[in-house]
Each structure stands twice: as C-alpha cells, then as structure tokens.
$ cat run_35.txt   # compact mmCIF, C-alpha atoms and all ligand atoms
# COMPACT_ATOMS: atom_id res chain seq x y z
CA MET N 1 -3.31 10.19 22.70
CA PRO N 2 -2.42 9.78 19.01
CA ILE N 3 -5.21 8.85 16.63
CA LYS N 4 -4.69 5.26 15.54
CA VAL N 5 -5.51 4.21 11.99
CA ALA N 6 -5.52 0.46 11.29
CA ILE N 7 -5.18 -0.69 7.70
CA PHE N 8 -6.20 -4.27 6.90
CA GLY N 9 -4.61 -5.38 3.61
CA VAL N 10 -1.53 -3.27 2.88
CA GLY N 11 -1.54 -3.68 -0.91
CA LEU N 12 -1.91 -1.09 -3.69
CA ILE N 13 -4.83 0.77 -2.11
CA GLY N 14 -4.12 0.07 1.59
CA GLY N 15 -0.44 0.95 1.08
CA SER N 16 -1.32 4.15 -0.79
CA LEU N 17 -3.74 5.25 1.96
CA ALA N 18 -1.08 4.45 4.57
CA LEU N 19 1.42 6.63 2.68
CA CYS N 20 -1.09 9.51 2.66
CA LEU N 21 -1.63 9.24 6.44
CA LYS N 22 1.74 8.18 7.88
CA GLY N 23 3.71 10.99 9.49
CA LYS N 24 0.73 13.37 9.68
CA PRO N 25 0.39 15.21 13.02
CA GLY N 26 -1.12 13.03 15.76
CA LEU N 27 -1.60 9.97 13.56
CA THR N 28 -0.21 6.46 14.00
CA VAL N 29 -0.72 4.02 11.15
CA VAL N 30 -0.71 0.29 11.86
CA GLY N 31 -0.90 -2.25 9.06
CA HIS N 32 -2.46 -5.68 9.35
CA SER N 33 -1.25 -8.44 7.08
CA HIS N 34 -2.95 -11.83 6.99
CA ARG N 35 0.32 -13.31 5.75
CA PRO N 36 3.08 -13.01 8.38
CA GLU N 37 5.71 -13.40 5.60
CA SER N 38 4.56 -10.10 4.03
CA GLN N 39 5.27 -8.06 7.16
CA GLN N 40 8.94 -7.43 6.38
CA LYS N 41 8.11 -6.27 2.85
CA ILE N 42 5.53 -3.81 4.23
CA MET N 43 7.99 -2.41 6.81
CA ASP N 44 10.75 -2.20 4.18
CA ARG N 45 8.48 -0.08 1.99
CA GLY N 46 8.05 2.29 4.96
CA VAL N 47 4.32 2.77 4.41
CA VAL N 48 3.19 2.15 8.03
CA ASP N 49 4.51 2.85 11.53
CA ALA N 50 3.99 -0.76 12.62
CA VAL N 51 2.67 -4.00 11.20
CA THR N 52 1.05 -7.01 12.83
CA SER N 53 -0.72 -10.23 11.86
CA SER N 54 -2.92 -10.08 14.96
CA MET N 55 -6.39 -8.72 14.28
CA GLU N 56 -6.89 -7.78 17.92
CA GLU N 57 -3.61 -5.88 18.10
CA ALA N 58 -4.45 -3.89 14.96
CA ALA N 59 -8.12 -3.23 15.65
CA CYS N 60 -8.88 -3.04 19.37
CA ASP N 61 -7.73 0.49 20.19
CA ALA N 62 -8.06 1.91 16.65
CA ASP N 63 -10.00 5.12 15.95
CA PHE N 64 -10.30 4.30 12.25
CA ILE N 65 -10.22 0.88 10.59
CA PHE N 66 -9.74 0.69 6.81
CA LEU N 67 -10.56 -2.64 5.16
CA CYS N 68 -8.41 -2.74 2.01
CA VAL N 69 -8.76 -6.43 1.17
CA PRO N 70 -10.41 -8.05 -1.89
CA VAL N 71 -14.18 -7.48 -2.02
CA GLY N 72 -14.91 -11.15 -1.25
CA SER N 73 -12.96 -10.87 2.02
CA LEU N 74 -14.71 -7.71 3.27
CA GLU N 75 -17.65 -9.51 4.87
CA PRO N 76 -15.56 -12.12 6.75
CA TYR N 77 -13.35 -9.28 8.06
CA LEU N 78 -16.39 -7.23 9.13
CA ARG N 79 -17.85 -10.26 10.95
CA LYS N 80 -14.58 -10.89 12.79
CA LEU N 81 -14.34 -7.21 13.77
CA SER N 82 -17.90 -7.32 15.14
CA GLU N 83 -16.73 -9.98 17.60
CA LEU N 84 -13.89 -7.80 18.98
CA PRO N 85 -14.12 -5.19 21.77
CA LEU N 86 -13.58 -2.18 19.48
CA LYS N 87 -13.03 1.34 20.78
CA GLN N 88 -16.22 3.38 21.29
CA GLY N 89 -16.70 5.81 18.40
CA CYS N 90 -14.44 3.77 16.11
CA ILE N 91 -15.16 4.29 12.40
CA ILE N 92 -14.84 1.27 10.12
CA THR N 93 -14.59 1.96 6.42
CA ASP N 94 -13.58 -0.05 3.36
CA VAL N 95 -12.21 0.67 -0.11
CA GLY N 96 -13.97 -2.09 -2.05
CA SER N 97 -14.97 -1.46 -5.66
CA THR N 98 -18.58 -2.47 -4.93
CA LYS N 99 -20.66 -0.93 -2.17
CA ALA N 100 -24.11 -2.57 -1.88
CA SER N 101 -23.07 -5.99 -0.51
CA VAL N 102 -20.72 -4.63 2.16
CA ALA N 103 -23.33 -2.03 3.22
CA ALA N 104 -25.94 -4.80 3.58
CA CYS N 105 -23.54 -6.91 5.64
CA ALA N 106 -22.68 -3.99 7.97
CA ALA N 107 -26.39 -3.28 8.44
CA MET N 108 -26.97 -6.89 9.60
CA LEU N 109 -24.14 -6.90 12.13
CA SER N 110 -24.26 -5.62 15.66
CA LEU N 111 -21.57 -2.96 16.03
CA PRO N 112 -22.52 -1.05 19.20
CA GLY N 113 -20.82 2.36 19.44
CA VAL N 114 -19.02 1.74 16.15
CA HIS N 115 -19.98 3.19 12.75
CA PHE N 116 -19.48 1.66 9.32
CA ILE N 117 -19.12 4.02 6.35
CA GLY N 118 -18.51 2.34 2.98
CA GLY N 119 -15.90 3.95 0.75
CA HIS N 120 -14.43 3.63 -2.73
CA PRO N 121 -11.43 5.67 -3.86
CA MET N 122 -11.95 5.83 -7.61
CA ALA N 123 -8.30 5.68 -8.52
CA GLY N 124 -5.93 2.83 -8.95
CA SER N 125 -4.22 0.86 -11.63
CA GLU N 126 -3.84 -2.59 -13.15
CA ARG N 127 -0.95 -3.19 -10.75
CA SER N 128 -1.31 -4.62 -7.27
CA GLY N 129 0.66 -5.07 -4.07
CA VAL N 130 2.39 -2.65 -1.73
CA GLU N 131 5.21 -2.28 -4.29
CA ALA N 132 2.84 -0.26 -6.48
CA ALA N 133 1.57 1.99 -3.62
CA SER N 134 1.93 5.75 -4.04
CA SER N 135 1.09 8.73 -1.85
CA LEU N 136 -0.12 10.54 -5.00
CA LEU N 137 -2.57 7.86 -6.13
CA PHE N 138 -5.74 9.59 -4.95
CA GLU N 139 -4.77 13.21 -5.65
CA ASN N 140 -7.63 14.89 -7.58
CA ALA N 141 -9.51 11.60 -7.83
CA TYR N 142 -13.09 11.10 -6.68
CA TYR N 143 -13.51 9.22 -3.40
CA VAL N 144 -17.04 7.89 -2.94
CA LEU N 145 -18.51 7.48 0.56
CA THR N 146 -21.78 5.60 1.07
CA PRO N 147 -22.93 6.18 4.68
CA SER N 148 -26.26 4.69 5.75
CA GLU N 149 -28.84 7.06 7.22
CA ASP N 150 -28.01 6.10 10.80
CA VAL N 151 -24.36 7.19 10.61
CA PRO N 152 -24.03 10.36 12.77
CA GLU N 153 -22.98 13.43 10.79
CA ASP N 154 -20.09 13.90 13.24
CA SER N 155 -18.61 10.47 12.37
CA TYR N 156 -19.01 11.15 8.65
CA ARG N 157 -17.18 14.50 9.04
CA LYS N 158 -14.35 12.81 11.00
CA LEU N 159 -13.76 10.37 8.16
CA GLU N 160 -14.01 13.16 5.58
CA ASP N 161 -11.42 15.17 7.55
CA LEU N 162 -9.02 12.25 7.72
CA LEU N 163 -9.41 11.58 4.01
CA SER N 164 -8.47 15.17 3.21
CA TYR N 165 -4.86 13.90 3.45
CA THR N 166 -5.48 11.91 0.26
CA LYS N 167 -6.27 15.17 -1.63
CA ALA N 168 -9.20 13.33 -3.23
CA GLN N 169 -12.61 14.88 -3.77
CA ILE N 170 -15.22 13.22 -1.56
CA VAL N 171 -18.60 12.42 -3.13
CA ARG N 172 -21.55 10.98 -1.18
CA VAL N 173 -23.53 8.36 -3.14
CA ASP N 174 -26.16 5.72 -2.40
CA PRO N 175 -24.47 2.25 -2.44
CA VAL N 176 -26.80 0.65 -5.03
CA LEU N 177 -26.58 3.66 -7.36
CA HIS N 178 -22.79 3.51 -6.94
CA ASP N 179 -22.75 -0.13 -8.09
CA GLU N 180 -24.95 0.63 -11.11
CA ILE N 181 -22.78 3.53 -12.27
CA VAL N 182 -19.39 2.01 -11.48
CA GLY N 183 -20.60 -1.27 -13.00
CA ALA N 184 -21.19 0.58 -16.27
CA ILE N 185 -18.09 2.79 -16.38
CA SER N 186 -15.50 0.51 -14.79
CA HIS N 187 -16.57 -3.12 -14.36
CA LEU N 188 -18.13 -3.51 -17.84
CA PRO N 189 -15.06 -1.97 -19.57
CA HIS N 190 -12.80 -4.40 -17.66
CA ILE N 191 -14.89 -7.35 -18.90
CA ILE N 192 -14.85 -6.02 -22.46
CA ALA N 193 -11.07 -5.50 -22.37
CA VAL N 194 -10.49 -9.05 -21.11
CA ALA N 195 -12.89 -10.55 -23.68
CA LEU N 196 -11.26 -8.56 -26.49
CA VAL N 197 -7.72 -9.58 -25.52
CA ASN N 198 -8.78 -13.22 -25.22
CA GLN N 199 -10.51 -13.08 -28.63
CA ILE N 200 -7.34 -11.75 -30.28
CA ARG N 201 -5.22 -14.26 -28.33
CA THR N 202 -7.24 -17.10 -29.89
CA TYR N 203 -6.69 -15.76 -33.43
CA ASN N 204 -3.01 -15.27 -32.69
CA ASN N 205 -2.62 -18.85 -31.50
CA THR N 206 -4.50 -20.49 -34.33
CA ASP N 207 -4.19 -18.43 -37.50
CA ALA N 208 -1.37 -16.12 -38.18
CA ASP N 209 1.95 -17.26 -36.85
CA GLY N 210 2.02 -14.68 -34.06
CA LEU N 211 1.32 -11.74 -36.40
CA TYR N 212 -1.68 -10.58 -34.34
CA ARG N 213 0.53 -10.18 -31.31
CA LEU N 214 3.18 -8.33 -33.31
CA LEU N 215 0.78 -5.85 -34.88
CA ALA N 216 -1.27 -5.29 -31.71
CA ALA N 217 1.56 -3.22 -30.23
CA GLY N 218 0.71 0.39 -29.37
CA GLY N 219 -2.90 1.50 -29.38
CA PHE N 220 -4.42 -1.94 -28.90
CA ARG N 221 -2.13 -2.49 -25.96
CA ASP N 222 -3.12 0.91 -24.49
CA ILE N 223 -6.88 0.48 -24.77
CA THR N 224 -6.68 -2.97 -23.18
CA ARG N 225 -4.33 -2.01 -20.29
CA ILE N 226 -7.02 -2.80 -17.74
CA ALA N 227 -7.14 -6.44 -18.96
CA SER N 228 -3.89 -6.90 -17.00
CA SER N 229 -5.65 -6.21 -13.67
CA ASP N 230 -5.34 -8.64 -10.77
CA PRO N 231 -7.50 -11.78 -11.37
CA VAL N 232 -8.48 -12.33 -7.70
CA ILE N 233 -9.42 -8.69 -7.11
CA TRP N 234 -11.56 -8.71 -10.26
CA ARG N 235 -13.11 -12.13 -9.65
CA ASP N 236 -14.46 -10.73 -6.38
CA ILE N 237 -15.66 -7.43 -7.92
CA LEU N 238 -17.56 -9.14 -10.74
CA LEU N 239 -19.19 -11.74 -8.49
CA SER N 240 -20.19 -9.06 -6.00
CA ASN N 241 -21.80 -6.91 -8.75
CA ARG N 242 -23.19 -9.95 -10.60
CA ASP N 243 -26.84 -8.92 -11.04
CA ILE N 244 -26.05 -5.41 -12.29
CA LEU N 245 -23.35 -6.76 -14.63
CA LEU N 246 -25.68 -9.36 -16.11
CA THR N 247 -28.08 -6.55 -17.07
CA LEU N 248 -25.23 -4.43 -18.44
CA LEU N 249 -23.88 -7.34 -20.49
CA LYS N 250 -27.31 -7.97 -22.00
CA ASP N 251 -27.44 -4.28 -23.00
CA TRP N 252 -23.91 -4.64 -24.42
CA ASN N 253 -25.05 -7.64 -26.48
CA ARG N 254 -27.84 -5.48 -27.88
CA GLU N 255 -25.31 -2.78 -28.90
CA ILE N 256 -23.15 -5.38 -30.64
CA GLU N 257 -26.22 -6.96 -32.31
CA GLY N 258 -26.98 -3.46 -33.60
CA PHE N 259 -23.56 -3.32 -35.29
CA ILE N 260 -24.04 -6.81 -36.74
CA HIS N 261 -27.32 -5.64 -38.23
CA LEU N 262 -25.75 -2.44 -39.64
CA LEU N 263 -23.06 -4.49 -41.36
CA GLU N 264 -25.40 -7.21 -42.60
CA SER N 265 -27.64 -4.58 -44.15
CA ARG N 266 -24.66 -2.50 -45.41
CA ASP N 267 -26.22 0.47 -43.62
CA GLY N 268 -23.53 3.14 -44.09
CA GLU N 269 -25.74 5.92 -42.77
CA GLY N 270 -26.44 3.91 -39.64
CA ILE N 271 -22.69 3.34 -39.06
CA GLU N 272 -22.02 7.06 -39.52
CA ALA N 273 -24.84 7.87 -37.10
CA ALA N 274 -23.43 5.46 -34.48
CA PHE N 275 -19.98 7.08 -34.67
CA ALA N 276 -21.43 10.62 -34.68
CA THR N 277 -23.62 9.95 -31.63
CA ALA N 278 -20.71 8.45 -29.71
CA ASN N 279 -18.43 11.31 -30.72
CA GLN N 280 -20.98 13.87 -29.50
CA PHE N 281 -21.48 12.26 -26.07
CA ARG N 282 -17.77 11.62 -25.65
CA SER N 283 -16.95 15.27 -26.36
CA GLU N 284 -19.23 16.20 -23.44
CA LEU N 285 -17.25 14.06 -20.95
CA PRO N 286 -15.15 16.07 -18.51
CA GLU N 287 -11.50 16.58 -19.47
CA ARG N 288 -10.48 15.66 -15.92
CA ARG N 289 -7.94 12.85 -16.09
CA LYS N 290 -8.73 10.97 -12.90
CA GLY N 291 -12.00 9.08 -13.32
CA ALA N 292 -13.06 5.49 -12.76
CA ILE N 293 -10.34 4.31 -15.12
CA THR N 294 -6.98 6.00 -14.76
CA SER N 295 -5.48 7.72 -17.77
CA LEU N 296 -1.78 8.06 -18.29
CA TYR N 297 -0.01 11.38 -18.90
CA ASP N 298 1.66 11.36 -22.32
CA ILE N 299 4.30 13.48 -24.01
CA TYR N 300 5.72 13.06 -27.50
CA ILE N 301 9.29 13.73 -28.64
CA ASP N 302 11.00 13.68 -32.03
CA VAL N 303 13.70 11.03 -32.10
CA PRO N 304 16.16 9.77 -34.68
CA ASP N 305 15.32 6.13 -35.35
CA HIS N 306 18.59 4.47 -34.44
CA PRO N 307 19.24 1.36 -32.40
CA GLY N 308 19.50 2.09 -28.70
CA ILE N 309 17.40 5.27 -28.68
CA ILE N 310 14.76 3.74 -26.40
CA GLY N 311 17.43 2.64 -23.91
CA GLN N 312 19.14 6.04 -24.11
CA ILE N 313 16.00 7.99 -23.25
CA ALA N 314 14.96 5.53 -20.54
CA THR N 315 18.41 5.95 -18.95
CA GLN N 316 18.29 9.75 -19.22
CA LEU N 317 14.96 9.77 -17.34
CA GLY N 318 16.03 7.03 -14.91
CA ASP N 319 19.11 9.08 -13.94
CA GLN N 320 16.69 11.81 -12.80
CA HIS N 321 14.57 9.24 -10.89
CA ILE N 322 11.63 9.93 -13.20
CA ASN N 323 9.31 6.90 -13.36
CA LEU N 324 8.31 6.04 -16.88
CA SER N 325 5.19 3.91 -17.30
CA ASN N 326 5.48 3.12 -21.03
CA MET N 327 7.31 4.21 -24.17
CA GLN N 328 6.63 3.58 -27.83
CA ILE N 329 7.97 4.72 -31.21
CA ILE N 330 5.17 5.71 -33.57
CA GLU N 331 5.19 5.79 -37.36
CA SER N 332 8.90 5.35 -37.75
CA ARG N 333 10.85 3.81 -40.62
CA GLU N 334 14.54 3.15 -40.66
CA ASP N 335 16.64 6.33 -40.97
CA VAL N 336 13.54 8.55 -40.80
CA PRO N 337 12.99 10.60 -37.64
CA GLY N 338 10.21 9.10 -35.57
CA VAL N 339 7.95 10.26 -32.81
CA MET N 340 8.25 8.62 -29.44
CA ARG N 341 5.42 8.59 -26.95
CA LEU N 342 6.35 8.53 -23.26
CA SER N 343 3.63 7.77 -20.70
CA PHE N 344 3.69 8.64 -17.00
CA ARG N 345 1.31 7.81 -14.16
CA GLN N 346 1.72 11.20 -12.47
CA GLU N 347 1.37 14.68 -13.97
CA SER N 348 4.35 15.85 -11.90
CA GLU N 349 6.59 13.14 -13.44
CA MET N 350 5.43 14.11 -16.94
CA GLU N 351 6.32 17.77 -16.20
CA ARG N 352 9.78 16.83 -14.88
CA ALA N 353 10.41 14.61 -17.90
CA LYS N 354 9.34 17.40 -20.25
CA GLN N 355 11.72 19.88 -18.66
CA HIS N 356 14.63 17.46 -18.52
CA LEU N 357 14.24 16.33 -22.13
CA GLN N 358 13.93 19.95 -23.30
CA SER N 359 17.16 20.75 -21.44
CA LEU N 360 18.77 17.90 -23.44
CA ASN N 361 17.51 19.60 -26.65
CA TYR N 362 14.77 17.13 -27.53
CA LYS N 363 11.71 18.65 -29.17
CA VAL N 364 8.84 17.86 -26.79
CA TYR N 365 5.09 18.01 -27.56
CA VAL N 366 2.37 17.60 -24.93
N1 LIG O 401 -6.75 -1.97 -7.77
C1 LIG O 401 -7.37 -0.83 -7.87
O1 LIG O 401 -7.03 -0.04 -8.71
C2 LIG O 401 -8.47 -0.50 -6.90
C3 LIG O 401 -8.92 -1.43 -5.98
N2 LIG O 401 -9.91 -1.11 -5.10
C4 LIG O 401 -10.35 -2.09 -4.12
O2 LIG O 401 -9.34 -2.09 -3.11
C5 LIG O 401 -9.26 -3.37 -2.50
C6 LIG O 401 -7.80 -3.82 -2.49
O3 LIG O 401 -7.36 -3.88 -3.80
P1 LIG O 401 -5.81 -3.68 -4.18
O4 LIG O 401 -5.16 -2.82 -3.19
O5 LIG O 401 -5.80 -3.33 -5.61
O6 LIG O 401 -5.30 -5.17 -4.05
P2 LIG O 401 -3.87 -5.70 -3.58
O7 LIG O 401 -3.80 -7.12 -4.04
O8 LIG O 401 -2.80 -4.77 -3.99
O9 LIG O 401 -4.00 -5.69 -2.01
C7 LIG O 401 -4.87 -6.55 -1.32
C8 LIG O 401 -4.35 -6.76 0.07
O10 LIG O 401 -5.26 -7.53 0.81
C9 LIG O 401 -4.55 -8.59 1.47
N3 LIG O 401 -5.49 -9.68 1.73
C10 LIG O 401 -6.11 -9.89 2.89
N4 LIG O 401 -6.90 -10.94 2.86
C11 LIG O 401 -6.80 -11.44 1.65
C12 LIG O 401 -7.38 -12.56 1.04
N5 LIG O 401 -8.23 -13.35 1.66
N6 LIG O 401 -7.04 -12.79 -0.24
C13 LIG O 401 -6.16 -11.99 -0.90
N7 LIG O 401 -5.58 -10.91 -0.34
C14 LIG O 401 -5.90 -10.65 0.93
C15 LIG O 401 -3.39 -8.90 0.55
O11 LIG O 401 -2.33 -9.50 1.27
C16 LIG O 401 -3.01 -7.51 0.06
O12 LIG O 401 -2.15 -6.87 0.96
C17 LIG O 401 -10.20 -4.28 -3.27
O13 LIG O 401 -11.39 -4.43 -2.53
C18 LIG O 401 -10.47 -3.52 -4.56
O14 LIG O 401 -11.74 -3.82 -5.07
C19 LIG O 401 -10.47 0.14 -5.06
C20 LIG O 401 -10.04 1.11 -5.92
C21 LIG O 401 -9.03 0.85 -6.93
O1 LIG O 402 -6.50 0.49 -13.93
C1 LIG O 402 -7.39 1.34 -13.89
O2 LIG O 402 -7.35 2.39 -14.51
C2 LIG O 402 -8.55 1.10 -13.02
O3 LIG O 402 -9.65 0.93 -13.46
C3 LIG O 402 -8.26 1.14 -11.57
C4 LIG O 402 -9.43 0.89 -10.70
C5 LIG O 402 -9.73 -0.40 -10.34
C6 LIG O 402 -10.78 -0.65 -9.49
C7 LIG O 402 -11.50 0.41 -9.01
O4 LIG O 402 -12.51 0.17 -8.17
C8 LIG O 402 -11.20 1.72 -9.34
C9 LIG O 402 -10.14 1.97 -10.19

$ encode --input "run_35.txt" --output "structure tokens"
Amino acid sequence: MPIKVAIFGVGLIGGSLALCLKGKPGLTVVGHSHRPESQQKIMDRGVVDAVTSSMEEAACDADFIFLCVPVGSLEPYLRKLSELPLKQGCIITDVGSTKASVAACAAMLSLPGVHFIGGHPMAGSERSGVEAASSLLFENAYYVLTPSEDVPEDSYRKLEDLLSYTKAQIVRVDPVLHDEIVGAISHLPHIIAVALVNQIRTYNNTDADGLYRLLAAGGFRDITRIASSDPVIWRDILLSNRDILLTLLKDWNREIEGFIHLLESRDGEGIEAAFATANQFRSELPERRKGAITSLYDIYIDVPDHPGIIGQIATQLGDQHINLSNMQIIESREDVPGVMRLSFRQESEMERAKQHLQSLNYKVYV
C-alpha cells in the first residue's frame, strides 16, 4: 500500500511541500482545494498526483495530513477532521506561522488513534499561491516541530523521516516559545516594514510630487520587501499572535522613544553607542542565508549604461531559463559604466547566472 499524504491548501507552502514529496518511492500526494475552480490550476502545475474538493476523499485513508491553509482556518479544519473516520496512526501536522493556538485547539479535540504535531517551515517569501511553489523552498531552512508530550516518539520520527525530503533542518521547540521568538524575528519586522512603507506613502501622496517614490528605489525597496506579503495570511498571523505582538510593539515603542530622546538631547555619543551595540550583535548572527526572513542571493556585474542593457541581460538569463528575482543599476550616470545588481531566490540559479554571464565576458562579483 502506498503511503498517502493529503495536503489541504495547495498554495505557496502546500504546493512546495507537495513538490518535495511527489514522485518519491511509495508516496502518493493528494491535494485538497476548498475552491473547485482552483483544481485545474493545481493539476496543471503538476505538484500533486490528484486533487479533490472533498475533505473525506482527501483525508479518510491518509497516513499524513498537512494543513497548509491560513492560520485562521487551521482550527476549523482541525475540527472538521476530528469528525471524520481517519486512518489509525494518521499524523496531522500544519505549517502555520504561529504554533500556540493550533496546539491548544488540537489538545482540546478528541482525535483517537491520530496524532497532531504542529509544524512551521521557516522559509517562504512575500509571494503566494501554487504559482510560486518550489521544490527547493525548504532546502537548508529550519523546520520547527512542536509536538506535545503525549505524541509517541515513533509518530514524531515518522514525520521527521517524511520531512527529510524537504532537505530542511528539523528543530523541536515548545509552541509558546516558538511564538515569542518568531514574533520578534519575523512578525514584528513585517509590521515595521508595512508601517514604514505606509508612512512614506503618506509623504509621497501629500508633499513631494511623487519624489519619495522615485528616490525610494533600490535599498528602501529591498529592506521593505516583506511589506508586499499576502494581506489575508498576515492578518491571521498577527491576530493569532496578538498578545505577544502587543508586548513586542510596546518594547519597539520604547526603542523608538529612546531615539527621540537621543535626538532631542543632541546626544551624539548615545547615537554612536546605539549603532555600535547593534553592529556588534548583528556581526554575531549566523551567516546562514535561510532564516525566518528569506534573503536573496545577489551578484554584481559591470555594465555600460546604455538604453536596453537591463532588457539585454534579462533576455540573456531568460534564454538559459534562469529565474531572476530583481535587477537594479547602482550608482550609474549617463555614459559612465555602472554596476548592476542581480538577485536570485536560489543559490543554484545565482551560480548558473554567474557562469553564464562570465562566459559572455561580463565581469561578475559575488
Ligand atoms: N508565505 C510564507 O512564506 C509562509 C507561510 N507559512 C504559513 O503557511 C500557510 C499557508 O501560507 P501560504 O502557502 O503562504 O499561502 P497561500 O495563499 O499561497 O496558500 C494558502 C492556501 O490555502 C487555501 N485556503 C484554504 N482555505 C482557505 C481560506 N479559508 N481562506 C484562504 N485560503 C484558503 C488557499 O486556496 C491556498 O491554496 C499559512 O498558515 C502561513 O502562515 C509558513 C511559512 C512561510
Ligand atoms: O518573505 C519572507 O522572507 C518571509 O518572511 C517568509 C515567511 C513568511 C512567514 C513565515 O512563517 C516564515 C517565512
């Protein structure tokens, strides 16, 4: 009998998990879509072996059930599953960005012979939908699991074994501690990015004839990438982690008040100390690229600044089927050679681009 994996919500994360598992020996991957009109799109993308909009059909004989829906939908899905005759030994897991509320819900439900193990692959992007799914998304990323004490070790190991196909590194964490840490390093930065973009948007609209938007190209755009994340996904994450985020935001206010005070009192030494302390702690962060917020892989090339150069390079990479995430010319004036930055989501694509551009005699810097 093949091992059946059911994936509820075949979007960015569900689709990426499906791509990691589909075609592996002895595995069948079935997708569940709550919108029947999405089924064709999911099949066309080839991420699952079969797709259905019937919960029973997807879940009833599954060995593993992955809930890959927005955080606010996890509890309704868990409740519905608890009313179905699931296979004995079935493991239900989820990929939600918060872990305490779903763990509490699972603990309240009666799931005889079935085990719930919360999960959170700490990799993703600001994009959403099955169109953005990739089999490489979780490679070298951390994948948090939050089993309660009554989950048998054997069930935990089975899930860990299955997840080895993602090539992620599994880390076991308490659900509340998870929400505190991920609140600080992922949810708070998303709020700050959105608030910052909206602040600049207001100035742009009222004051300067669109100049803010023009000059915010480049670095500002990069550091606020996560402000383009899906509104529904993030509404659910923030509401689910509300209490922790309220504490974090109060701490954030205190940090900002500190800067207001430094400026009001013209405290140059204090400003230097703030930058030096941040620099020191930041230099101790691991170099590893895949953390709670995904970094892009960048290369730089020298380019003559002539019209059409961006299109030319994009075409040269496109011809090789190399997916470019972003490109930007830095510090260039007319008729002066510039430096172009090319960003990729995968290290392998960056390497291929580097080799191809070198073969076309571009000078490439990593
Ligand atoms: N986006 C990211 O980078 C990451 C997201 N997550 C978590 O993964 C889960 C899925 O997120 P994504 O794959 O990014 O989202 P997505 O929007 O790409 O996919 C969500 C899927 O759930 C389905 N769905 C089912 N019931 C729904 C409902 N009531 N409302 C809306 N959609 C419904 C959608 O049709 C879609 O296929 C979320 O719980 C999120 O917190 C975890 C790690 C990273
Ligand atoms: O866009 C990014 O870099 C992200 O921050 C992706 C992300 C979103 C939600 C998560 O729970 C984990 C990772």

$ residues_near_ligand --input "run_35.txt" --ligand "ligand LIG 401 (chain O)" --cutoff "7 Å" --atoms "all atoms listed in the file" --output "ChimeraX atom specification"
/N:8-14,33-35,68-71,73,95-98,120-130,233,237

$ atom_distance --input "run_35.txt" --atom1 "CA of Asp154 (chain N)" --atom2 "CA of Leu111 (chain N)"
17.2 Å

$ residues_around --input "run_35.txt" --residues "region 241-254 of chain N" --least-positions-apart "2" --cutoff "9 Å" --atoms "only C-alpha atoms" --output "list in words"
Thr98, Lys99, Ala100, Ser101, Asp179, Glu180, Gly183, Ala184, His187, Leu188, Asp236, Ile237, Leu238, Leu239, Ile256, Glu257, Gly258 and Phe259 of chain N

$ write_last_selection --input "run_35.txt" --atoms "C-alpha atoms" --output "PDB file, keeping the file's coordinate frame"
ATOM      1  CA  THR N  98     -18.580  -2.470  -4.930  1.00  0.00           C
ATOM      2  CA  LYS N  99     -20.660  -0.930  -2.170  1.00  0.00           C
ATOM      3  CA  ALA N 100     -24.110  -2.570  -1.880  1.00  0.00           C
ATOM      4  CA  SER N 101     -23.070  -5.990  -0.510  1.00  0.00           C
ATOM      5  CA  ASP N 179     -22.750  -0.130  -8.090  1.00  0.00           C
ATOM      6  CA  GLU N 180     -24.950   0.630 -11.110  1.00  0.00           C
ATOM      7  CA  GLY N 183     -20.600  -1.270 -13.000  1.00  0.00           C
ATOM      8  CA  ALA N 184     -21.190   0.580 -16.270  1.00  0.00           C
ATOM      9  CA  HIS N 187     -16.570  -3.120 -14.360  1.00  0.00           C
ATOM     10  CA  LEU N 188     -18.130  -3.510 -17.840  1.00  0.00           C
ATOM     11  CA  ASP N 236     -14.460 -10.730  -6.380  1.00  0.00           C
ATOM     12  CA  ILE N 237     -15.660  -7.430  -7.920  1.00  0.00           C
ATOM     13  CA  LEU N 238     -17.560  -9.140 -10.740  1.00  0.00           C
ATOM     14  CA  LEU N 239     -19.190 -11.740  -8.490  1.00  0.00           C
ATOM     15  CA  ILE N 256     -23.150  -5.380 -30.640  1.00  0.00           C
ATOM     16  CA  GLU N 257     -26.220  -6.960 -32.310  1.00  0.00           C
ATOM     17  CA  GLY N 258     -26.980  -3.460 -33.600  1.00  0.00           C
ATOM     18  CA  PHE N 259     -23.560  -3.320 -35.290  1.00  0.00           C
TER      19      PHE N 259
END

$ residues_around --input "run_35.txt" --residues "Lys167 (chain N)" --least-positions-apart "5" --cutoff "12 Å" --atoms "only C-alpha atoms" --output "PyMOL selection string"
chain N and resi 17+20-21+121+123+135-143+160-162

$ atom_distance --input "run_35.txt" --atom1 "atom C4 of ligand LIG 402 (chain O)" --atom2 "CA of Ile293 (chain N)"
5.7 Å
